[in-house]
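Content type mmCIF, C-alpha atoms, from the file coords06.cif:
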data_query
#
loop_
_atom_site.group_PDB
_atom_site.id
_atom_site.type_symbol
_atom_site.label_atom_id
_atom_site.label_comp_id
_atom_site.auth_asym_id
_atom_site.auth_seq_id
_atom_site.Cartn_x
_atom_site.Cartn_y
_atom_site.Cartn_z
ATOM 1 C CA MET H 489 26.513 -39.888 0.059
ATOM 2 C CA LYS H 490 30.058 -40.458 -1.136
ATOM 3 C CA LYS H 491 32.761 -39.200 1.229
ATOM 4 C CA ILE H 492 35.584 -37.143 -0.188
ATOM 5 C CA LYS H 493 39.006 -38.501 0.736
ATOM 6 C CA GLY H 494 41.800 -36.329 2.103
ATOM 7 C CA LYS H 495 43.836 -36.731 -1.085
ATOM 8 C CA GLU H 496 40.907 -35.606 -3.241
ATOM 9 C CA ILE H 497 40.360 -32.582 -0.995
ATOM 10 C CA THR H 498 44.016 -31.606 -1.369
ATOM 11 C CA ILE H 499 43.876 -31.929 -5.164
ATOM 12 C CA LEU H 500 40.643 -29.931 -5.273
ATOM 13 C CA PHE H 501 42.187 -27.248 -3.046
ATOM 14 C CA PHE H 502 45.195 -26.795 -5.330
ATOM 15 C CA LYS H 503 42.943 -26.737 -8.402
ATOM 16 C CA TYR H 504 40.948 -23.859 -6.936
ATOM 17 C CA ILE H 505 44.139 -22.056 -5.917
ATOM 18 C CA ILE H 506 45.452 -22.289 -9.491
ATOM 19 C CA LEU H 507 42.124 -21.138 -10.968
ATOM 20 C CA ILE H 508 41.871 -18.215 -8.536
ATOM 21 C CA ALA H 509 45.466 -17.188 -9.308
ATOM 22 C CA PHE H 510 44.757 -17.370 -13.039
ATOM 23 C CA ALA H 511 41.575 -15.296 -12.613
ATOM 24 C CA ILE H 512 43.511 -12.637 -10.692
ATOM 25 C CA MET H 513 46.173 -12.553 -13.422
ATOM 26 C CA CYS H 514 43.465 -11.953 -16.031
ATOM 27 C CA LEU H 515 41.420 -9.410 -14.074
ATOM 28 C CA TYR H 516 44.186 -7.365 -12.481
ATOM 29 C CA PRO H 517 45.330 -5.558 -15.683
ATOM 30 C CA ILE H 518 41.730 -4.491 -16.376
ATOM 31 C CA ILE H 519 41.207 -3.298 -12.798
ATOM 32 C CA TRP H 520 44.547 -1.452 -12.820
ATOM 33 C CA MET H 521 43.719 0.229 -16.111
ATOM 34 C CA PHE H 522 40.308 1.334 -14.846
ATOM 35 C CA LEU H 523 41.845 2.842 -11.671
ATOM 36 C CA ALA H 524 44.702 4.454 -13.625
ATOM 37 C CA SER H 525 42.225 6.166 -15.948
ATOM 38 C CA PHE H 526 41.217 8.452 -13.047
ATOM 39 C CA LYS H 527 44.792 9.509 -12.248
ATOM 40 C CA THR H 528 46.821 12.419 -13.540
ATOM 41 C CA ASN H 529 50.078 11.836 -15.388
ATOM 42 C CA ASP H 530 51.993 12.865 -12.264
ATOM 43 C CA GLU H 531 50.133 10.285 -10.183
ATOM 44 C CA LEU H 532 50.929 7.588 -12.740
ATOM 45 C CA TYR H 533 54.643 8.269 -12.390
ATOM 46 C CA ILE H 534 54.674 8.711 -8.606
ATOM 47 C CA ASN H 535 52.149 6.029 -7.575
ATOM 48 C CA PRO H 536 51.447 3.737 -10.548
ATOM 49 C CA TRP H 537 50.079 0.808 -8.515
ATOM 50 C CA GLY H 538 47.986 2.620 -5.896
ATOM 51 C CA PHE H 539 44.474 4.043 -5.907
ATOM 52 C CA PRO H 540 43.819 7.483 -7.428
ATOM 53 C CA GLN H 541 43.764 10.390 -4.990
ATOM 54 C CA SER H 542 40.302 11.380 -6.245
ATOM 55 C CA ILE H 543 37.783 10.248 -8.864
ATOM 56 C CA ARG H 544 38.004 12.709 -11.742
ATOM 57 C CA PHE H 545 36.693 12.374 -15.284
ATOM 58 C CA ASP H 546 39.076 14.884 -16.857
ATOM 59 C CA ASN H 547 40.910 12.149 -18.744
ATOM 60 C CA TYR H 548 37.708 10.811 -20.289
ATOM 61 C CA ILE H 549 36.564 14.304 -21.280
ATOM 62 C CA ARG H 550 39.974 15.044 -22.800
ATOM 63 C CA ALA H 551 39.959 11.694 -24.632
ATOM 64 C CA ILE H 552 36.526 12.354 -26.141
ATOM 65 C CA VAL H 553 36.926 16.074 -26.912
ATOM 66 C CA GLU H 554 40.620 16.580 -27.670
ATOM 67 C CA GLY H 555 41.390 12.990 -28.663
ATOM 68 C CA ASN H 556 38.422 12.848 -31.067
ATOM 69 C CA VAL H 557 37.423 9.448 -29.689
ATOM 70 C CA GLY H 558 33.776 10.006 -30.694
ATOM 71 C CA THR H 559 34.694 10.087 -34.398
ATOM 72 C CA TYR H 560 36.898 7.023 -34.049
ATOM 73 C CA TYR H 561 34.069 5.232 -32.241
ATOM 74 C CA ILE H 562 31.677 5.889 -35.137
ATOM 75 C CA ASN H 563 34.265 4.643 -37.648
ATOM 76 C CA SER H 564 34.819 1.456 -35.619
ATOM 77 C CA ILE H 565 31.063 0.851 -35.414
ATOM 78 C CA ILE H 566 30.672 1.294 -39.187
ATOM 79 C CA ILE H 567 33.585 -0.978 -40.065
ATOM 80 C CA THR H 568 32.868 -3.649 -37.449
ATOM 81 C CA GLY H 569 29.118 -3.616 -38.115
ATOM 82 C CA ALA H 570 29.586 -4.130 -41.855
ATOM 83 C CA VAL H 571 32.186 -6.865 -41.336
ATOM 84 C CA LEU H 572 29.998 -8.615 -38.779
ATOM 85 C CA LEU H 573 26.836 -8.581 -40.898
ATOM 86 C CA VAL H 574 28.469 -9.742 -44.128
ATOM 87 C CA SER H 575 30.795 -12.304 -42.533
ATOM 88 C CA VAL H 576 28.106 -14.031 -40.473
ATOM 89 C CA CYS H 577 25.528 -14.122 -43.280
ATOM 90 C CA LEU H 578 27.865 -15.290 -46.049
ATOM 91 C CA SER H 579 29.789 -17.789 -43.922
ATOM 92 C CA PHE H 580 26.539 -19.303 -42.631
ATOM 93 C CA MET H 581 25.121 -19.719 -46.142
ATOM 94 C CA ALA H 582 28.428 -21.084 -47.482
ATOM 95 C CA SER H 583 28.701 -23.533 -44.578
ATOM 96 C CA TYR H 584 25.143 -24.730 -45.200
ATOM 97 C CA ALA H 585 25.905 -25.308 -48.871
ATOM 98 C CA ILE H 586 29.106 -27.212 -48.049
ATOM 99 C CA THR H 587 27.640 -29.492 -45.362
ATOM 100 C CA ARG H 588 23.971 -29.948 -46.272
ATOM 101 C CA MET H 589 23.933 -30.001 -50.085
ATOM 102 C CA ASN H 590 25.214 -32.946 -52.086
ATOM 103 C CA TRP H 591 27.641 -31.749 -54.734
ATOM 104 C CA LYS H 592 30.922 -33.104 -56.036
ATOM 105 C CA TYR H 593 33.471 -30.565 -54.804
ATOM 106 C CA SER H 594 32.023 -29.695 -51.385
ATOM 107 C CA LYS H 595 34.955 -31.188 -49.455
ATOM 108 C CA VAL H 596 37.461 -29.554 -51.791
ATOM 109 C CA VAL H 597 35.869 -26.146 -51.242
ATOM 110 C CA LEU H 598 35.842 -26.697 -47.476
ATOM 111 C CA ASN H 599 39.541 -27.575 -47.512
ATOM 112 C CA ILE H 600 40.327 -24.463 -49.550
ATOM 113 C CA PHE H 601 38.529 -22.281 -47.003
ATOM 114 C CA VAL H 602 40.245 -24.002 -44.073
ATOM 115 C CA LEU H 603 43.646 -23.555 -45.725
ATOM 116 C CA GLY H 604 43.017 -19.823 -45.460
ATOM 117 C CA MET H 605 43.617 -20.149 -41.712
ATOM 118 C CA LEU H 606 47.274 -20.943 -42.479
ATOM 119 C CA ILE H 607 47.881 -17.717 -44.410
ATOM 120 C CA PRO H 608 49.195 -14.916 -42.152
ATOM 121 C CA VAL H 609 47.764 -11.442 -42.600
ATOM 122 C CA TYR H 610 51.233 -9.971 -43.055
ATOM 123 C CA ALA H 611 51.845 -12.100 -46.159
ATOM 124 C CA THR H 612 48.891 -10.498 -47.958
ATOM 125 C CA ILE H 613 49.523 -6.823 -47.163
ATOM 126 C CA VAL H 614 51.520 -5.984 -50.307
ATOM 127 C CA PRO H 615 49.174 -7.791 -52.757
ATOM 128 C CA LEU H 616 46.094 -6.260 -51.102
ATOM 129 C CA PHE H 617 47.625 -2.790 -51.134
ATOM 130 C CA SER H 618 48.404 -3.159 -54.857
ATOM 131 C CA ILE H 619 44.884 -4.415 -55.649
ATOM 132 C CA PHE H 620 43.122 -1.686 -53.669
ATOM 133 C CA LYS H 621 45.326 0.971 -55.251
ATOM 134 C CA THR H 622 44.506 -0.326 -58.747
ATOM 135 C CA ILE H 623 40.731 -0.330 -58.197
ATOM 136 C CA GLY H 624 40.708 2.931 -56.232
ATOM 137 C CA LEU H 625 39.740 1.628 -52.802
ATOM 138 C CA LEU H 626 42.723 2.953 -50.855
ATOM 139 C CA ASN H 627 41.790 5.379 -48.079
ATOM 140 C CA THR H 628 38.237 4.037 -47.948
ATOM 141 C CA ARG H 629 36.582 2.051 -45.186
ATOM 142 C CA LEU H 630 35.575 -0.515 -47.801
ATOM 143 C CA ALA H 631 39.197 -1.651 -48.153
ATOM 144 C CA VAL H 632 39.375 -2.467 -44.441
ATOM 145 C CA ILE H 633 35.927 -4.100 -44.477
ATOM 146 C CA ILE H 634 36.753 -6.374 -47.430
ATOM 147 C CA SER H 635 40.048 -7.425 -45.838
ATOM 148 C CA HIS H 636 38.435 -8.322 -42.519
ATOM 149 C CA ILE H 637 35.675 -10.297 -44.246
ATOM 150 C CA ALA H 638 38.248 -12.289 -46.222
ATOM 151 C CA PHE H 639 40.396 -13.063 -43.166
ATOM 152 C CA GLY H 640 37.373 -13.937 -41.011
ATOM 153 C CA PHE H 641 35.887 -16.384 -43.499
ATOM 154 C CA PRO H 642 38.133 -19.441 -42.828
ATOM 155 C CA ILE H 643 37.585 -19.626 -39.056
ATOM 156 C CA ALA H 644 33.886 -18.792 -39.457
ATOM 157 C CA ILE H 645 33.297 -21.592 -41.967
ATOM 158 C CA PHE H 646 35.443 -24.002 -39.933
ATOM 159 C CA ILE H 647 33.275 -23.483 -36.833
ATOM 160 C CA MET H 648 29.912 -23.442 -38.627
ATOM 161 C CA THR H 649 30.540 -26.492 -40.786
ATOM 162 C CA GLY H 650 31.531 -28.429 -37.680
ATOM 163 C CA PHE H 651 28.187 -27.626 -36.088
ATOM 164 C CA LEU H 652 25.931 -27.878 -39.154
ATOM 165 C CA SER H 653 27.247 -31.328 -40.007
ATOM 166 C CA THR H 654 25.785 -32.630 -36.720
ATOM 167 C CA ILE H 655 22.190 -31.553 -37.401
ATOM 168 C CA PRO H 656 20.020 -34.561 -38.389
ATOM 169 C CA ARG H 657 18.944 -34.478 -42.034
ATOM 170 C CA GLU H 658 15.506 -35.746 -41.013
ATOM 171 C CA ILE H 659 14.668 -32.189 -39.885
ATOM 172 C CA GLU H 660 15.160 -30.854 -43.411
ATOM 173 C CA GLU H 661 13.391 -33.807 -44.986
ATOM 174 C CA ALA H 662 10.354 -33.199 -42.790
ATOM 175 C CA ALA H 663 10.407 -29.497 -43.706
ATOM 176 C CA VAL H 664 10.537 -30.348 -47.416
ATOM 177 C CA MET H 665 7.568 -32.689 -46.956
ATOM 178 C CA GLU H 666 5.673 -29.727 -45.471
ATOM 179 C CA GLY H 667 6.461 -27.631 -48.547
ATOM 180 C CA CYS H 668 9.248 -25.390 -47.155
ATOM 181 C CA SER H 669 11.580 -23.745 -49.648
ATOM 182 C CA ILE H 670 15.366 -23.927 -49.267
ATOM 183 C CA TYR H 671 15.494 -20.364 -47.942
ATOM 184 C CA ARG H 672 12.787 -21.009 -45.360
ATOM 185 C CA ILE H 673 14.588 -24.151 -44.208
ATOM 186 C CA LEU H 674 17.840 -22.225 -43.960
ATOM 187 C CA PHE H 675 16.656 -19.170 -42.047
ATOM 188 C CA ASN H 676 13.584 -20.458 -40.148
ATOM 189 C CA ILE H 677 14.812 -23.910 -39.125
ATOM 190 C CA ILE H 678 18.591 -24.334 -39.407
ATOM 191 C CA PHE H 679 19.559 -20.818 -38.332
ATOM 192 C CA PRO H 680 17.774 -20.950 -34.934
ATOM 193 C CA ILE H 681 19.257 -24.382 -34.242
ATOM 194 C CA SER H 682 22.739 -23.071 -35.049
ATOM 195 C CA ARG H 683 22.482 -20.029 -32.765
ATOM 196 C CA SER H 684 25.440 -20.993 -30.550
ATOM 197 C CA SER H 685 27.844 -21.424 -33.475
ATOM 198 C CA VAL H 686 26.594 -18.215 -35.104
ATOM 199 C CA VAL H 687 27.143 -16.279 -31.864
ATOM 200 C CA THR H 688 30.641 -17.768 -31.524
ATOM 201 C CA VAL H 689 31.560 -16.685 -35.045
ATOM 202 C CA ALA H 690 30.011 -13.249 -34.505
ATOM 203 C CA VAL H 691 32.042 -12.634 -31.344
ATOM 204 C CA ILE H 692 35.310 -13.788 -32.947
ATOM 205 C CA VAL H 693 34.713 -11.592 -35.993
ATOM 206 C CA PHE H 694 33.734 -8.654 -33.783
ATOM 207 C CA LEU H 695 36.852 -8.868 -31.610
ATOM 208 C CA ASN H 696 39.199 -9.264 -34.584
ATOM 209 C CA SER H 697 37.694 -6.290 -36.398
ATOM 210 C CA TRP H 698 37.156 -4.029 -33.373
ATOM 211 C CA ASN H 699 40.690 -4.442 -32.040
ATOM 212 C CA ASP H 700 42.587 -4.454 -35.338
ATOM 213 C CA LEU H 701 45.363 -1.898 -35.723
ATOM 214 C CA LEU H 702 47.312 -3.174 -38.725
ATOM 215 C CA LEU H 703 44.880 -2.998 -41.655
ATOM 216 C CA PRO H 704 43.436 0.488 -40.973
ATOM 217 C CA GLN H 705 46.932 1.926 -40.569
ATOM 218 C CA ILE H 706 47.961 0.539 -43.950
ATOM 219 C CA PHE H 707 44.841 1.121 -46.041
ATOM 220 C CA LEU H 708 43.604 4.403 -44.507
ATOM 221 C CA THR H 709 45.361 7.774 -44.571
ATOM 222 C CA ASP H 710 42.523 10.131 -43.644
ATOM 223 C CA GLN H 711 42.528 10.602 -39.873
ATOM 224 C CA LEU H 712 38.740 11.139 -39.844
ATOM 225 C CA LYS H 713 38.222 7.590 -41.193
ATOM 226 C CA MET H 714 40.430 5.835 -38.643
ATOM 227 C CA PRO H 715 38.914 3.378 -36.112
ATOM 228 C CA LEU H 716 39.577 3.410 -32.374
ATOM 229 C CA PRO H 717 42.823 1.364 -32.167
ATOM 230 C CA VAL H 718 44.544 3.724 -34.607
ATOM 231 C CA GLY H 719 43.044 6.757 -32.870
ATOM 232 C CA LEU H 720 44.767 5.777 -29.634
ATOM 233 C CA THR H 721 48.123 6.601 -31.209
ATOM 234 C CA GLU H 722 47.080 10.263 -31.358
ATOM 235 C CA PHE H 723 47.808 10.626 -27.649
ATOM 236 C CA GLN H 724 51.490 9.983 -28.315
ATOM 237 C CA GLY H 725 53.530 12.917 -29.531
ATOM 238 C CA GLN H 726 57.171 13.345 -30.477
ATOM 239 C CA TYR H 727 58.210 14.784 -27.107
ATOM 240 C CA TYR H 728 55.266 14.019 -24.808
ATOM 241 C CA THR H 729 52.706 11.251 -24.305
ATOM 242 C CA ASP H 730 49.468 11.829 -22.420
ATOM 243 C CA TYR H 731 49.334 8.406 -20.758
ATOM 244 C CA ALA H 732 46.392 9.222 -18.487
ATOM 245 C CA SER H 733 44.118 10.215 -21.369
ATOM 246 C CA MET H 734 45.374 7.283 -23.433
ATOM 247 C CA ILE H 735 44.441 4.840 -20.666
ATOM 248 C CA ALA H 736 40.986 6.433 -20.412
ATOM 249 C CA ALA H 737 40.577 5.993 -24.171
ATOM 250 C CA VAL H 738 41.682 2.341 -23.909
ATOM 251 C CA VAL H 739 38.999 1.770 -21.259
ATOM 252 C CA LEU H 740 36.411 3.164 -23.689
ATOM 253 C CA VAL H 741 37.732 0.819 -26.386
ATOM 254 C CA ILE H 742 37.531 -2.384 -24.331
ATOM 255 C CA ILE H 743 34.105 -1.727 -22.765
ATOM 256 C CA PRO H 744 32.099 -3.103 -25.769
ATOM 257 C CA SER H 745 34.258 -6.243 -25.906
ATOM 258 C CA ILE H 746 33.813 -6.913 -22.190
ATOM 259 C CA ILE H 747 30.033 -6.348 -22.322
ATOM 260 C CA ILE H 748 29.596 -8.622 -25.337
ATOM 261 C CA TYR H 749 31.670 -11.405 -23.803
ATOM 262 C CA ILE H 750 29.814 -11.196 -20.470
ATOM 263 C CA LEU H 751 26.430 -11.405 -22.206
ATOM 264 C CA LEU H 752 27.332 -14.136 -24.708
ATOM 265 C CA HIS H 753 30.043 -16.231 -23.056
ATOM 266 C CA LYS H 754 27.731 -19.244 -22.593
ATOM 267 C CA ASN H 755 26.860 -19.273 -26.282
ATOM 268 C CA ILE H 756 30.536 -18.903 -27.177
ATOM 269 C CA MET H 757 31.521 -21.970 -25.151
ATOM 270 C CA GLU H 758 28.623 -24.005 -26.564
ATOM 271 C CA GLY H 759 29.550 -23.043 -30.119
ATOM 272 C CA MET H 760 33.237 -23.877 -29.692
ATOM 273 C CA VAL H 761 32.486 -27.237 -28.068
ATOM 274 C CA ALA H 762 29.859 -28.112 -30.692
ATOM 275 C CA GLY H 763 32.175 -27.249 -33.543
ATOM 276 C CA ALA H 764 35.134 -29.124 -32.076
ATOM 277 C CA VAL H 765 33.573 -32.233 -30.542
ATOM 278 C CA LYS H 766 30.533 -32.954 -32.644
ATOM 279 C CA GLY H 767 32.212 -31.946 -35.893
#
As structure tokens - that is how I would like this structure written.
Amino acid sequence: MKKIKGKEITILFFKYIILIAFAIMCLYPIIWMFLASFKTNDELYINPWGFPQSIRFDNYIRAIVEGNVGTYYINSIIITGAVLLVSVCLSFMASYAITRMNWKYSKVVLNIFVLGMLIPVYATIVPLFSIFKTIGLLNTRLAVIISHIAFGFPIAIFIMTGFLSTIPREIEEAAVMEGCSIYRILFNIIFPISRSSVVTVAVIVFLNSWNDLLLPQIFLTDQLKMPLPVGLTEFQGQYYTDYASMIAAVVLVIIPSIIIYILLHKNIMEGMVAGAVKG
């Protein structure tokens, strides 16, 4: 058994200290927010960093009932669900066509998609607003859904093409020999193999859509169609802000993101590594 030298122990010790400090920096805001959601507004001002005097769910009840969080939750689920389904399906099929089919302009198309990563969202707001106004999509969820799908496509195709290009072609050749159609090869063979990259893309698309504040605020005017991030602004008035209820609503917003990341973090890391290293 190899003995660890004193110098290596010291280096290892400082590495763990740095990692522990970084973990605390990441976790503390979430823990603080969870504890603050049980406080009253007076407690937040008097004792912002301490524990709540008692565990009360008044803020959550007020956020759901008076803050209309339930309606905003449904809107977020509709928008994010549609964006997730369309983005993952279309980007997977497009990536397969770019990497696995032999056609003249495949690399050109891939470069065009990747160039989309360089275009900031803010640069497209005015053109998109004009287009949606012309075709009558303003103040509809479809305007937000289309925008998110378009902005999610470049990173989705970038990750998936990196992974799909590493799959041996012999797998498809053997499937063709067995009489499989292109659709059966795509969904029954390639899709299961590409699970880690698909999950990575799905999580990225979910987080971008679920947490977005900009696009719904611009394209939606009906308060009953707003998603959760926009709904949080309802707790802020001209002369008074209900910070306690707002924090409780924020906790409700981040819970799905935390659950999804905890359940799928291994697949996310595998997908990112596969797309970056193998591609």
Evaluate the PyMOL selection byres ((chain H and resi 742) around 12) and report residues as a tab-separated table (two decimals) with C-alpha atoms, in the frame of the given file:
chain	number	residue	atom	x	y	z
H	518	ILE	CA	41.73	-4.49	-16.38
H	521	MET	CA	43.72	0.23	-16.11
H	522	PHE	CA	40.31	1.33	-14.85
H	561	TYR	CA	34.07	5.23	-32.24
H	694	PHE	CA	33.73	-8.65	-33.78
H	695	LEU	CA	36.85	-8.87	-31.61
H	698	TRP	CA	37.16	-4.03	-33.37
H	699	ASN	CA	40.69	-4.44	-32.04
H	716	LEU	CA	39.58	3.41	-32.37
H	717	PRO	CA	42.82	1.36	-32.17
H	735	ILE	CA	44.44	4.84	-20.67
H	736	ALA	CA	40.99	6.43	-20.41
H	737	ALA	CA	40.58	5.99	-24.17
H	738	VAL	CA	41.68	2.34	-23.91
H	739	VAL	CA	39.00	1.77	-21.26
H	740	LEU	CA	36.41	3.16	-23.69
H	741	VAL	CA	37.73	0.82	-26.39
H	743	ILE	CA	34.10	-1.73	-22.76
H	744	PRO	CA	32.10	-3.10	-25.77
H	745	SER	CA	34.26	-6.24	-25.91
H	746	ILE	CA	33.81	-6.91	-22.19
H	747	ILE	CA	30.03	-6.35	-22.32
H	748	ILE	CA	29.60	-8.62	-25.34
H	749	TYR	CA	31.67	-11.40	-23.80
Of the residues H:Ser579, H:Leu703, H:Ser733, H:Thr721, which is the one nearest to H:Ala631, using all atoms listed in the file?
H:Leu703
Can you list, as a PyMOL selection string, the residues that the PyMOL selection byres ((chain H and resi 632) around 12) selects here?
chain H and resi 563-564+566-568+570-571+613+616-617+620+625-631+633-639+696-698+700-709+713-715
Quick one: write out the picked residues with C-alpha atoms as a PDB file, keeping the file's coordinate frame?
ATOM      1  CA  ASN H 563      34.265   4.643 -37.648  1.00  0.00           C
ATOM      2  CA  SER H 564      34.819   1.456 -35.619  1.00  0.00           C
ATOM      3  CA  ILE H 566      30.672   1.294 -39.187  1.00  0.00           C
ATOM      4  CA  ILE H 567      33.585  -0.978 -40.065  1.00  0.00           C
ATOM      5  CA  THR H 568      32.868  -3.649 -37.449  1.00  0.00           C
ATOM      6  CA  ALA H 570      29.586  -4.130 -41.855  1.00  0.00           C
ATOM      7  CA  VAL H 571      32.186  -6.865 -41.336  1.00  0.00           C
ATOM      8  CA  ILE H 613      49.523  -6.823 -47.163  1.00  0.00           C
ATOM      9  CA  LEU H 616      46.094  -6.260 -51.102  1.00  0.00           C
ATOM     10  CA  PHE H 617      47.625  -2.790 -51.134  1.00  0.00           C
ATOM     11  CA  PHE H 620      43.122  -1.686 -53.669  1.00  0.00           C
ATOM     12  CA  LEU H 625      39.740   1.628 -52.802  1.00  0.00           C
ATOM     13  CA  LEU H 626      42.723   2.953 -50.855  1.00  0.00           C
ATOM     14  CA  ASN H 627      41.790   5.379 -48.079  1.00  0.00           C
ATOM     15  CA  THR H 628      38.237   4.037 -47.948  1.00  0.00           C
ATOM     16  CA  ARG H 629      36.582   2.051 -45.186  1.00  0.00           C
ATOM     17  CA  LEU H 630      35.575  -0.515 -47.801  1.00  0.00           C
ATOM     18  CA  ALA H 631      39.197  -1.651 -48.153  1.00  0.00           C
ATOM     19  CA  ILE H 633      35.927  -4.100 -44.477  1.00  0.00           C
ATOM     20  CA  ILE H 634      36.753  -6.374 -47.430  1.00  0.00           C
ATOM     21  CA  SER H 635      40.048  -7.425 -45.838  1.00  0.00           C
ATOM     22  CA  HIS H 636      38.435  -8.322 -42.519  1.00  0.00           C
ATOM     23  CA  ILE H 637      35.675 -10.297 -44.246  1.00  0.00           C
ATOM     24  CA  ALA H 638      38.248 -12.289 -46.222  1.00  0.00           C
ATOM     25  CA  PHE H 639      40.396 -13.063 -43.166  1.00  0.00           C
ATOM     26  CA  ASN H 696      39.199  -9.264 -34.584  1.00  0.00           C
ATOM     27  CA  SER H 697      37.694  -6.290 -36.398  1.00  0.00           C
ATOM     28  CA  TRP H 698      37.156  -4.029 -33.373  1.00  0.00           C
ATOM     29  CA  ASP H 700      42.587  -4.454 -35.338  1.00  0.00           C
ATOM     30  CA  LEU H 701      45.363  -1.898 -35.723  1.00  0.00           C
ATOM     31  CA  LEU H 702      47.312  -3.174 -38.725  1.00  0.00           C
ATOM     32  CA  LEU H 703      44.880  -2.998 -41.655  1.00  0.00           C
ATOM     33  CA  PRO H 704      43.436   0.488 -40.973  1.00  0.00           C
ATOM     34  CA  GLN H 705      46.932   1.926 -40.569  1.00  0.00           C
ATOM     35  CA  ILE H 706      47.961   0.539 -43.950  1.00  0.00           C
ATOM     36  CA  PHE H 707      44.841   1.121 -46.041  1.00  0.00           C
ATOM     37  CA  LEU H 708      43.604   4.403 -44.507  1.00  0.00           C
ATOM     38  CA  THR H 709      45.361   7.774 -44.571  1.00  0.00           C
ATOM     39  CA  LYS H 713      38.222   7.590 -41.193  1.00  0.00           C
ATOM     40  CA  MET H 714      40.430   5.835 -38.643  1.00  0.00           C
ATOM     41  CA  PRO H 715      38.914   3.378 -36.112  1.00  0.00           C
TER      42      PRO H 715
END
Could you tell me how far atom CA of H:Leu578 lies from atom CA of H:Val689, in Å and to one decimal?
11.7 Å
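Residues captured in this structure file are Ser583, Tyr584, Thr587, Arg588, Ile647, Met648, Thr649, Gly650, Phe651, Ile670, Tyr671, Arg672, Ile673, Leu674, Ile677, Ile678, Ile681, Ser682, Ser685, Ala762, Gly763, Lys766 and Gly767 of chain H, according to the PyMOL selection byres ((chain H and resi 652-669) around 9).
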Box centre and edge lengths (Å, one decimal), axis-aligned, stretch 547-566 of chain H plus 8 Å each side, as lines of an AutoDock Vina configuration file:
center_x = 36.0
center_y = 8.7
center_z = -29.0
size_x = 26.7
size_y = 31.7
size_z = 36.4
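The list of residues with at least one atom within 9 Å of H:Gln711, based on all atoms listed in the file and without residues fewer than 5 positions apart in the same chain, reads Tyr560, Val718 and Gly719 of chain H.
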